[in-house]
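Undergrad: mmCIF, C-alpha atoms, saved as run03.cif, coming up:
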```cif
data_input
loop_
_atom_site.group_PDB
_atom_site.id
_atom_site.type_symbol
_atom_site.label_atom_id
_atom_site.label_comp_id
_atom_site.auth_asym_id
_atom_site.auth_seq_id
_atom_site.Cartn_x
_atom_site.Cartn_y
_atom_site.Cartn_z
ATOM 1 C CA MET J 261 103.572 91.008 44.567
ATOM 2 C CA GLU J 262 102.402 93.109 41.623
ATOM 3 C CA HIS J 263 98.817 91.993 42.100
ATOM 4 C CA GLN J 264 99.002 92.748 45.817
ATOM 5 C CA THR J 265 99.996 96.394 45.493
ATOM 6 C CA SER J 266 97.490 96.911 42.649
ATOM 7 C CA VAL J 267 94.592 95.897 44.889
ATOM 8 C CA MET J 268 95.802 98.114 47.752
ATOM 9 C CA GLN J 269 96.320 101.074 45.429
ATOM 10 C CA SER J 270 92.889 100.618 43.859
ATOM 11 C CA VAL J 271 90.952 100.443 47.151
ATOM 12 C CA ALA J 272 92.879 103.370 48.669
ATOM 13 C CA ALA J 273 92.283 105.586 45.617
ATOM 14 C CA SER J 274 88.668 104.472 45.364
ATOM 15 C CA ALA J 275 87.996 105.167 49.065
ATOM 16 C CA THR J 276 89.450 108.679 48.631
ATOM 17 C CA VAL J 277 87.107 109.439 45.719
ATOM 18 C CA THR J 278 84.178 107.859 47.596
ATOM 19 C CA ILE J 279 84.755 110.074 50.632
ATOM 20 C CA ILE J 280 84.871 113.180 48.429
ATOM 21 C CA PHE J 281 81.610 111.970 46.860
ATOM 22 C CA ILE J 282 79.957 111.443 50.278
ATOM 23 C CA VAL J 283 80.919 114.967 51.374
ATOM 24 C CA ALA J 284 79.714 116.464 48.075
ATOM 25 C CA ILE J 285 76.362 114.660 48.002
ATOM 26 C CA THR J 286 75.760 115.372 51.708
ATOM 27 C CA ILE J 287 76.206 119.111 51.270
ATOM 28 C CA ALA J 288 74.492 119.210 47.868
ATOM 29 C CA ALA J 289 71.428 117.354 49.185
ATOM 30 C CA GLU J 290 71.005 119.948 51.945
ATOM 31 C CA LEU J 291 71.417 122.896 49.584
ATOM 32 C CA VAL J 292 69.347 121.451 46.714
ATOM 33 C CA PRO J 293 66.114 119.983 48.150
ATOM 34 C CA PRO J 294 65.095 118.212 44.890
ATOM 35 C CA LEU J 295 68.254 116.097 45.157
ATOM 36 C CA LYS J 296 67.350 115.019 48.700
ATOM 37 C CA ASP J 297 63.776 114.319 47.565
ATOM 38 C CA TRP J 298 65.080 112.182 44.700
ATOM 39 C CA LEU J 299 67.286 110.194 47.094
ATOM 40 C CA LYS J 300 64.292 109.634 49.387
ATOM 41 C CA ALA J 301 61.984 108.667 46.525
ATOM 42 C CA THR J 302 64.486 106.303 44.923
ATOM 43 C CA PHE J 303 66.053 104.644 47.965
ATOM 44 C CA THR J 304 63.299 105.103 50.631
ATOM 45 C CA HIS J 305 65.663 107.257 52.740
ATOM 46 C CA HIS J 306 68.293 109.833 51.738
ATOM 47 C CA TRP J 307 70.910 108.167 53.983
ATOM 48 C CA ILE J 308 70.350 104.773 52.354
ATOM 49 C CA GLY J 309 70.625 106.445 48.943
ATOM 50 C CA LYS J 310 73.959 108.035 49.821
ATOM 51 C CA GLY J 311 75.230 104.714 51.172
ATOM 52 C CA VAL J 312 74.140 102.701 48.125
ATOM 53 C CA LEU J 313 75.621 105.244 45.697
ATOM 54 C CA ALA J 314 78.863 105.357 47.729
ATOM 55 C CA VAL J 315 79.202 101.550 47.672
ATOM 56 C CA GLY J 316 78.503 101.507 43.919
ATOM 57 C CA LEU J 317 81.041 104.258 43.242
ATOM 58 C CA PHE J 318 83.667 102.628 45.474
ATOM 59 C CA THR J 319 83.288 99.276 43.698
ATOM 60 C CA SER J 320 83.355 100.804 40.196
ATOM 61 C CA ILE J 321 86.434 102.944 40.808
ATOM 62 C CA ALA J 322 88.274 100.151 42.615
ATOM 63 C CA VAL J 323 87.758 97.832 39.626
ATOM 64 C CA LEU J 324 88.736 100.533 37.101
ATOM 65 C CA LYS J 325 91.800 101.579 39.087
ATOM 66 C CA LEU J 326 93.024 97.971 39.164
ATOM 67 C CA PHE J 327 93.926 98.327 35.485
ATOM 68 C CA TYR J 328 95.844 101.572 35.997
ATOM 69 C CA ALA J 329 97.641 100.851 39.263
ATOM 70 C CA LYS J 330 101.418 101.182 39.275
ATOM 71 C CA LYS J 331 102.861 97.703 39.543
ATOM 72 C CA ASP J 332 104.705 96.622 42.671
ATOM 73 C CA ASP J 333 105.077 100.140 44.036
ATOM 74 C CA TRP J 334 104.902 100.206 47.845
ATOM 75 C CA ASP J 335 105.688 103.912 48.041
ATOM 76 C CA GLN J 336 102.680 104.574 45.818
ATOM 77 C CA VAL J 337 100.512 102.565 48.250
ATOM 78 C CA ALA J 338 101.799 104.706 51.141
ATOM 79 C CA LYS J 339 101.172 107.891 49.131
ATOM 80 C CA LEU J 340 97.585 106.891 48.308
ATOM 81 C CA LEU J 341 96.941 105.959 51.952
ATOM 82 C CA ASN J 342 98.206 109.385 53.021
ATOM 83 C CA TRP J 343 95.861 111.027 50.510
ATOM 84 C CA LEU J 344 93.018 108.985 51.973
ATOM 85 C CA THR J 345 93.939 110.151 55.492
ATOM 86 C CA VAL J 346 94.058 113.821 54.471
ATOM 87 C CA THR J 347 90.781 113.532 52.521
ATOM 88 C CA THR J 348 89.085 111.872 55.497
ATOM 89 C CA ILE J 349 90.180 114.636 57.905
ATOM 90 C CA LEU J 350 89.129 117.414 55.517
ATOM 91 C CA GLY J 351 85.887 115.629 54.623
ATOM 92 C CA ALA J 352 84.847 115.082 58.242
ATOM 93 C CA GLY J 353 85.748 118.705 59.033
ATOM 94 C CA ALA J 354 83.766 119.985 56.035
ATOM 95 C CA ILE J 355 80.664 118.011 57.052
ATOM 96 C CA LEU J 356 80.859 119.197 60.665
ATOM 97 C CA LEU J 357 81.401 122.854 59.697
ATOM 98 C CA PHE J 358 78.601 122.693 57.125
ATOM 99 C CA PHE J 359 76.063 121.447 59.660
ATOM 100 C CA ILE J 360 77.208 124.025 62.246
ATOM 101 C CA TRP J 361 76.663 126.717 59.609
ATOM 102 C CA GLU J 362 73.308 125.247 58.627
ATOM 103 C CA ALA J 363 72.084 125.031 62.219
ATOM 104 C CA PHE J 364 73.169 128.467 63.415
ATOM 105 C CA TRP J 365 73.667 130.794 60.470
ATOM 106 C CA ARG J 366 71.766 129.586 57.401
ATOM 107 C CA LYS J 367 68.680 131.687 56.687
ATOM 108 C CA MET B 38 60.620 101.448 71.544
ATOM 109 C CA SER B 39 60.051 97.971 70.146
ATOM 110 C CA GLN B 40 62.477 95.159 70.848
ATOM 111 C CA ALA B 41 63.773 95.160 67.260
ATOM 112 C CA PHE B 42 64.750 98.836 67.469
ATOM 113 C CA LEU B 43 66.293 98.326 70.898
ATOM 114 C CA ILE B 44 68.371 95.389 69.630
ATOM 115 C CA ALA B 45 69.441 97.432 66.593
ATOM 116 C CA LEU B 46 70.517 100.353 68.797
ATOM 117 C CA ILE B 47 72.427 98.127 71.229
ATOM 118 C CA ALA B 48 74.080 96.253 68.333
ATOM 119 C CA HIS B 49 75.059 99.594 66.781
ATOM 120 C CA MET B 50 76.737 100.720 70.016
ATOM 121 C CA LEU B 51 78.396 97.413 70.886
ATOM 122 C CA PHE B 52 79.709 96.622 67.418
ATOM 123 C CA GLY B 53 80.849 100.218 66.973
ATOM 124 C CA LEU B 54 82.844 99.943 70.200
ATOM 125 C CA ALA B 55 84.136 96.509 69.145
ATOM 126 C CA GLY B 56 85.386 98.077 65.903
ATOM 127 C CA ILE B 57 87.214 100.827 67.812
ATOM 128 C CA VAL B 58 88.778 98.270 70.190
ATOM 129 C CA ALA B 59 89.833 96.030 67.282
ATOM 130 C CA PHE B 60 91.523 98.909 65.460
ATOM 131 C CA THR B 61 93.169 100.061 68.699
ATOM 132 C CA SER B 62 94.672 96.570 69.024
ATOM 133 C CA PHE B 63 95.675 96.734 65.356
ATOM 134 C CA LEU B 64 97.368 100.090 65.935
ATOM 135 C CA LEU B 65 99.241 98.911 69.036
ATOM 136 C CA LEU B 66 100.461 95.837 67.209
ATOM 137 C CA LEU B 67 101.530 97.871 64.192
ATOM 138 C CA SER B 68 103.417 100.340 66.384
ATOM 139 C CA ARG B 69 105.627 97.591 67.789
ATOM 140 C CA GLN B 70 108.904 96.705 66.196
ATOM 141 C CA GLU B 71 108.012 93.005 66.303
ATOM 142 C CA TRP B 72 104.605 92.328 64.875
ATOM 143 C CA ASN B 73 102.541 89.342 63.966
ATOM 144 C CA ASP B 74 100.956 89.233 60.480
ATOM 145 C CA ASP B 75 98.159 86.862 61.479
ATOM 146 C CA ARG B 76 97.094 88.980 64.432
ATOM 147 C CA LEU B 77 97.225 92.172 62.345
ATOM 148 C CA ARG B 78 94.927 90.543 59.784
ATOM 149 C CA ARG B 79 92.632 89.201 62.481
ATOM 150 C CA TYR B 80 92.249 92.554 64.294
ATOM 151 C CA ALA B 81 91.666 94.478 61.059
ATOM 152 C CA GLY B 82 89.178 91.821 59.913
ATOM 153 C CA ILE B 83 87.268 91.934 63.211
ATOM 154 C CA GLY B 84 87.292 95.750 63.062
ATOM 155 C CA PHE B 85 85.928 95.750 59.513
ATOM 156 C CA VAL B 86 83.151 93.225 60.233
ATOM 157 C CA ALA B 87 82.211 95.003 63.501
ATOM 158 C CA LEU B 88 81.929 98.378 61.749
ATOM 159 C CA ILE B 89 79.806 96.862 58.956
ATOM 160 C CA VAL B 90 77.408 95.390 61.544
ATOM 161 C CA ALA B 91 77.374 98.760 63.375
ATOM 162 C CA TRP B 92 76.653 100.465 60.033
ATOM 163 C CA VAL B 93 73.736 98.178 59.119
ATOM 164 C CA SER B 94 72.164 98.071 62.607
ATOM 165 C CA GLY B 95 72.623 101.832 63.122
ATOM 166 C CA GLY B 96 71.218 102.483 59.651
ATOM 167 C CA TYR B 97 68.145 100.357 60.370
ATOM 168 C CA TYR B 98 67.508 102.159 63.669
ATOM 169 C CA TYR B 99 68.159 105.586 62.156
ATOM 170 C CA THR B 100 66.027 105.188 59.030
ATOM 171 C CA THR B 101 63.058 103.416 60.618
ATOM 172 C CA TYR B 102 62.803 104.731 64.185
ATOM 173 C CA TYR B 103 64.999 107.737 64.969
ATOM 174 C CA GLY B 104 63.548 110.112 62.367
ATOM 175 C CA LYS B 105 59.946 109.496 63.389
ATOM 176 C CA SER B 106 60.266 109.145 67.134
ATOM 177 C CA VAL B 107 63.493 110.641 68.487
ATOM 178 C CA LYS B 108 64.340 113.497 66.134
ATOM 179 C CA PRO B 109 61.084 115.451 66.804
ATOM 180 C CA ILE B 110 61.722 115.257 70.563
ATOM 181 C CA ILE B 111 65.260 116.609 70.212
ATOM 182 C CA ILE B 112 64.234 119.347 67.765
ATOM 183 C CA GLU B 113 61.458 120.543 70.094
ATOM 184 C CA GLY B 114 63.652 120.209 73.191
ATOM 185 C CA THR B 115 66.331 122.354 74.821
ATOM 186 C CA TYR B 116 69.191 121.134 72.646
ATOM 187 C CA PRO B 117 68.035 121.031 69.004
ATOM 188 C CA TRP B 118 71.681 121.362 67.894
ATOM 189 C CA ALA B 119 72.208 117.801 69.149
ATOM 190 C CA HIS B 120 70.315 116.652 66.071
ATOM 191 C CA GLN B 121 71.033 119.543 63.716
ATOM 192 C CA VAL B 122 74.800 119.406 64.177
ATOM 193 C CA ILE B 123 75.863 116.252 66.028
ATOM 194 C CA MET B 124 73.472 113.715 64.506
ATOM 195 C CA GLU B 125 73.652 115.180 61.012
ATOM 196 C CA ALA B 126 77.462 115.163 61.084
ATOM 197 C CA LYS B 127 77.563 111.733 62.751
ATOM 198 C CA GLU B 128 75.239 110.025 60.285
ATOM 199 C CA HIS B 129 77.172 111.295 57.283
ATOM 200 C CA ALA B 130 80.740 110.943 58.565
ATOM 201 C CA PHE B 131 79.724 107.442 59.652
ATOM 202 C CA LEU B 132 79.451 106.591 55.948
ATOM 203 C CA PHE B 133 83.268 106.930 55.755
ATOM 204 C CA LEU B 134 84.038 104.210 58.279
ATOM 205 C CA PRO B 135 83.288 100.976 56.368
ATOM 206 C CA PHE B 136 85.450 102.151 53.473
ATOM 207 C CA LEU B 137 88.345 103.111 55.757
ATOM 208 C CA ALA B 138 88.031 99.796 57.616
ATOM 209 C CA LEU B 139 87.960 97.840 54.340
ATOM 210 C CA VAL B 140 91.103 99.589 53.098
ATOM 211 C CA LEU B 141 92.895 98.852 56.388
ATOM 212 C CA TRP B 142 91.813 95.212 56.285
ATOM 213 C CA ILE B 143 92.976 94.732 52.691
ATOM 214 C CA VAL B 144 96.313 96.419 53.436
ATOM 215 C CA ALA B 145 96.743 94.301 56.591
ATOM 216 C CA TRP B 146 95.904 91.194 54.585
ATOM 217 C CA GLN B 147 98.235 91.908 51.684
ATOM 218 C CA ALA B 148 101.148 93.951 52.996
ATOM 219 C CA GLY B 149 102.566 91.312 55.347
ATOM 220 C CA LYS B 150 106.332 91.655 55.513
ATOM 221 C CA ALA B 151 106.197 94.996 53.677
ATOM 222 C CA PHE B 152 105.383 96.651 57.020
ATOM 223 C CA GLU B 153 108.833 95.615 58.230
ATOM 224 C CA GLU B 154 110.601 96.689 55.071
ATOM 225 C CA ASN B 155 108.803 99.915 54.181
ATOM 226 C CA GLU B 156 108.657 102.531 56.944
ATOM 227 C CA LYS B 157 106.597 104.936 54.785
ATOM 228 C CA LEU B 158 103.908 102.290 54.368
ATOM 229 C CA ARG B 159 103.820 101.481 58.082
ATOM 230 C CA LYS B 160 103.531 105.166 59.032
ATOM 231 C CA ALA B 161 100.777 105.736 56.447
ATOM 232 C CA VAL B 162 98.768 102.803 57.824
ATOM 233 C CA ILE B 163 99.295 104.014 61.411
ATOM 234 C CA LEU B 164 98.032 107.504 60.481
ATOM 235 C CA LEU B 165 94.986 106.142 58.687
ATOM 236 C CA THR B 166 94.204 103.859 61.627
ATOM 237 C CA VAL B 167 94.464 106.774 64.081
ATOM 238 C CA VAL B 168 92.079 108.866 61.957
ATOM 239 C CA THR B 169 89.655 105.925 61.675
ATOM 240 C CA MET B 170 89.732 105.499 65.463
ATOM 241 C CA ILE B 171 89.233 109.224 66.072
ATOM 242 C CA ILE B 172 86.185 109.272 63.777
ATOM 243 C CA GLY B 173 84.853 106.088 65.398
ATOM 244 C CA SER B 174 85.338 107.549 68.888
ATOM 245 C CA ALA B 175 83.699 110.820 67.818
ATOM 246 C CA MET B 176 80.711 108.763 66.618
ATOM 247 C CA ALA B 177 80.471 107.093 70.041
ATOM 248 C CA LEU B 178 80.705 110.435 71.884
ATOM 249 C CA GLY B 179 78.163 111.947 69.491
ATOM 250 C CA GLY B 180 75.801 109.085 70.299
ATOM 251 C CA LEU B 181 76.106 109.879 73.998
ATOM 252 C CA VAL B 182 75.338 113.576 73.399
ATOM 253 C CA ILE B 183 72.311 112.675 71.260
ATOM 254 C CA SER B 184 70.987 110.209 73.861
ATOM 255 C CA GLY B 185 71.469 112.804 76.595
ATOM 256 C CA SER B 186 69.549 115.441 74.656
ATOM 257 C CA VAL B 187 66.342 113.371 74.485
ATOM 258 C CA GLU B 188 64.159 114.843 77.206
ATOM 259 C CA LYS B 189 61.872 112.334 78.868
ATOM 260 C CA ARG B 190 59.191 114.888 79.690
ATOM 261 C CA SER B 191 58.700 115.453 75.968
ATOM 262 C CA LEU B 192 58.154 111.772 75.257
ATOM 263 C CA GLN B 193 54.483 111.707 76.219
ATOM 264 C CA PRO B 194 52.986 114.402 73.993
ATOM 265 C CA THR B 195 54.497 112.912 70.817
ATOM 266 C CA VAL B 196 52.197 109.898 71.020
ATOM 267 C CA ARG B 197 48.591 111.002 70.959
ATOM 268 C CA SER B 198 46.870 108.357 68.878
ATOM 269 C CA TYR B 199 46.944 104.696 67.910
ATOM 270 C CA GLY B 200 48.623 105.555 64.597
ATOM 271 C CA GLU B 201 51.366 107.611 66.254
ATOM 272 C CA CYS B 202 51.908 104.821 68.789
ATOM 273 C CA VAL B 203 52.381 102.221 66.006
ATOM 274 C CA ASN B 204 54.610 104.560 63.998
ATOM 275 C CA ALA B 205 56.748 105.138 67.088
ATOM 276 C CA GLY B 206 57.407 101.407 67.212
ATOM 277 C CA TYR B 207 55.624 100.613 70.465
ATOM 278 C CA PRO B 208 54.221 97.083 70.924
ATOM 279 C CA VAL B 209 50.907 96.295 69.272
ATOM 280 C CA MET B 210 48.594 93.810 70.988
ATOM 281 C CA LEU B 211 46.967 91.057 68.981
ATOM 282 C CA SER B 212 43.381 91.834 69.876
ATOM 283 C CA TYR B 213 40.283 93.189 68.149
ATOM 284 C CA PRO B 214 40.243 96.054 67.859
ATOM 285 C CA SER B 215 44.045 96.163 67.942
ATOM 286 C CA ALA B 216 45.726 98.163 70.719
ATOM 287 C CA CYS B 217 49.115 99.817 71.107
ATOM 288 C CA ARG B 218 50.826 100.464 74.429
ATOM 289 C CA ILE B 219 53.374 103.165 75.337
ATOM 290 C CA PRO B 220 55.973 102.607 78.101
ATOM 291 C CA ASP B 221 54.024 104.394 80.846
ATOM 292 C CA GLY B 222 51.183 101.894 80.372
ATOM 293 C CA LYS B 223 48.779 104.081 78.403
ATOM 294 C CA ILE B 224 46.919 102.113 75.729
ATOM 295 C CA PHE B 225 45.653 103.450 72.388
ATOM 296 C CA ILE B 226 42.874 101.475 70.693
ATOM 297 C CA GLN B 227 42.782 101.204 66.900
ATOM 298 C CA PRO B 228 39.779 103.151 65.562
ATOM 299 C CA VAL B 229 37.275 100.746 63.993
ATOM 300 C CA GLN B 230 35.875 101.986 60.695
#
```
Using structure tokens, write down the structure from this file.

TA:
Amino acid sequence: MEHQTSVMQSVAASATVTIIFIVAITIAAELVPPLKDWLKATFTHHWIGKGVLAVGLFTSIAVLKLFYAKKDDWDQVAKLLNWLTVTTILGAGAILLFFIWEAFWRK
Amino acid sequence: MSQAFLIALIAHMLFGLAGIVAFTSFLLLLSRQEWNDDRLRRYAGIGFVALIVAWVSGGYYYTTYYGKSVKPIIIEGTYPWAHQVIMEAKEHAFLFLPFLALVLWIVAWQAGKAFEENEKLRKAVILLTVVTMIIGSAMALGGLVISGSVEKRSLQPTVRSYGECVNAGYPVMLSYPSACRIPDGKIFIQPVQ
């Protein structure tokens, strides 16, 4: 059972960090054009670049977190899943609000 | 629109909907007091695979066709916000979904009896599934708004040459000189150097 909760904890924590990363790089790429240009130049399209970097980050953190996960702790799994839920809601809200601001108020 | 782009767009919609349906089934099963581990795993697995296919097919359509052929029409049309807000938010929030689906699948696969024994875990998974479904449904609704904002009367002026016709993904005839045809039947001949 120890191994089982470690994997769940690692993917939940990694997904949380990955979602924060997606929100950050999305907003940063709009505000800093050279970053968006670099994503386009390196990955053929900025969206592909964000996706590839997100998958890479998710995999790296999930593997790293495996070594630091609390053993056989189901409450910790629930806690990390709740963090993922909250991060997802805030992240989706931040992206939506940013693009509303960019479309209607950014000069 | 070429057949490849059309297939990609239809696959994106259908697999996206399949993912939402699979996670709805997963949620209903998880909400019951008597649940079935195998079915939970199956629904979460189907949901994950469906969202990955929707991600890849939608990504292909978006990066190769939408930007060149659909986005300019929306931006120049009556509802530019459909791209500037809805599509921009949709394309980026869509990046969340495969990770959320993977987490749910792994938890469904490994938790098993823990759902019965640990109420905190079950509630956390239910909440995450609801949020995943809400984002998935918002993606589907966003897609409808974006499709509705493409004005047909603006379609014609965007293709004015053979090169624009090819870039827009319309069928190219195997002839010499080569020719490209837009949906209303107009044909653009490749300039011969």

Undergrad: Just want the 12 Å neighbourhood of B:Phe136, counted on only C-alpha atoms, with same-chain residues fewer than 5 positions away dropped. Output as a ChimeraX atom specification.

TA: /J:271-279,282,311,314-319,322,344-345,348 /B:84-86,88-89,92,130-131,141-143,165,169

Undergrad: Next, write the just-selected residues to a file, as a compact mmCIF listing (two decimals), in the coordinates of the input, keeping C-alpha atoms as the atom set.

TA:
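Saved result, part.txt, follows:
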```
# COMPACT_ATOMS: atom_id res chain seq x y z
CA VAL J 271 90.95 100.44 47.15
CA ALA J 272 92.88 103.37 48.67
CA ALA J 273 92.28 105.59 45.62
CA SER J 274 88.67 104.47 45.36
CA ALA J 275 88.00 105.17 49.06
CA THR J 276 89.45 108.68 48.63
CA VAL J 277 87.11 109.44 45.72
CA THR J 278 84.18 107.86 47.60
CA ILE J 279 84.76 110.07 50.63
CA ILE J 282 79.96 111.44 50.28
CA GLY J 311 75.23 104.71 51.17
CA ALA J 314 78.86 105.36 47.73
CA VAL J 315 79.20 101.55 47.67
CA GLY J 316 78.50 101.51 43.92
CA LEU J 317 81.04 104.26 43.24
CA PHE J 318 83.67 102.63 45.47
CA THR J 319 83.29 99.28 43.70
CA ALA J 322 88.27 100.15 42.62
CA LEU J 344 93.02 108.98 51.97
CA THR J 345 93.94 110.15 55.49
CA THR J 348 89.08 111.87 55.50
CA GLY B 84 87.29 95.75 63.06
CA PHE B 85 85.93 95.75 59.51
CA VAL B 86 83.15 93.22 60.23
CA LEU B 88 81.93 98.38 61.75
CA ILE B 89 79.81 96.86 58.96
CA TRP B 92 76.65 100.46 60.03
CA ALA B 130 80.74 110.94 58.56
CA PHE B 131 79.72 107.44 59.65
CA LEU B 141 92.90 98.85 56.39
CA TRP B 142 91.81 95.21 56.28
CA ILE B 143 92.98 94.73 52.69
CA LEU B 165 94.99 106.14 58.69
CA THR B 169 89.66 105.92 61.68
```

Undergrad: Please determine the contact residues of chain J with respect to chain B at a cut-off of 9 Å, counting only C-alpha atoms, and supply them as a VMD selection string.

TA: chain J and resid 261 264 to 265 267 to 268 271 to 272 275 278 to 279 282 to 283 286 304 to 308 310 to 311 314 to 315 318 334 to 342 344 to 346 348 to 349 351 to 352 355 to 364

Undergrad: Suppose you want the space between atom CA of B:Pro109 and atom CA of B:Phe52; what is it in Å?

TA: 26.5 Å

Undergrad: Which value, in Å to one decimal, gives the distance between atom CA of B:Gly104 and atom CA of J:Asp297?

TA: 15.4 Å

Undergrad: How far is it from atom CA of J:Ser320 to atom CA of J:Pro294, in Å with one decimal?

TA: 25.7 Å

Undergrad: Convert the output of the PyMOL selection byres ((chain B and resi 203-218) around 7) on the shown file into explicit residues, formatted as a ChimeraX atom specification.

TA: /B:38-39,102,105-106,199-202,219-220,222-227,229
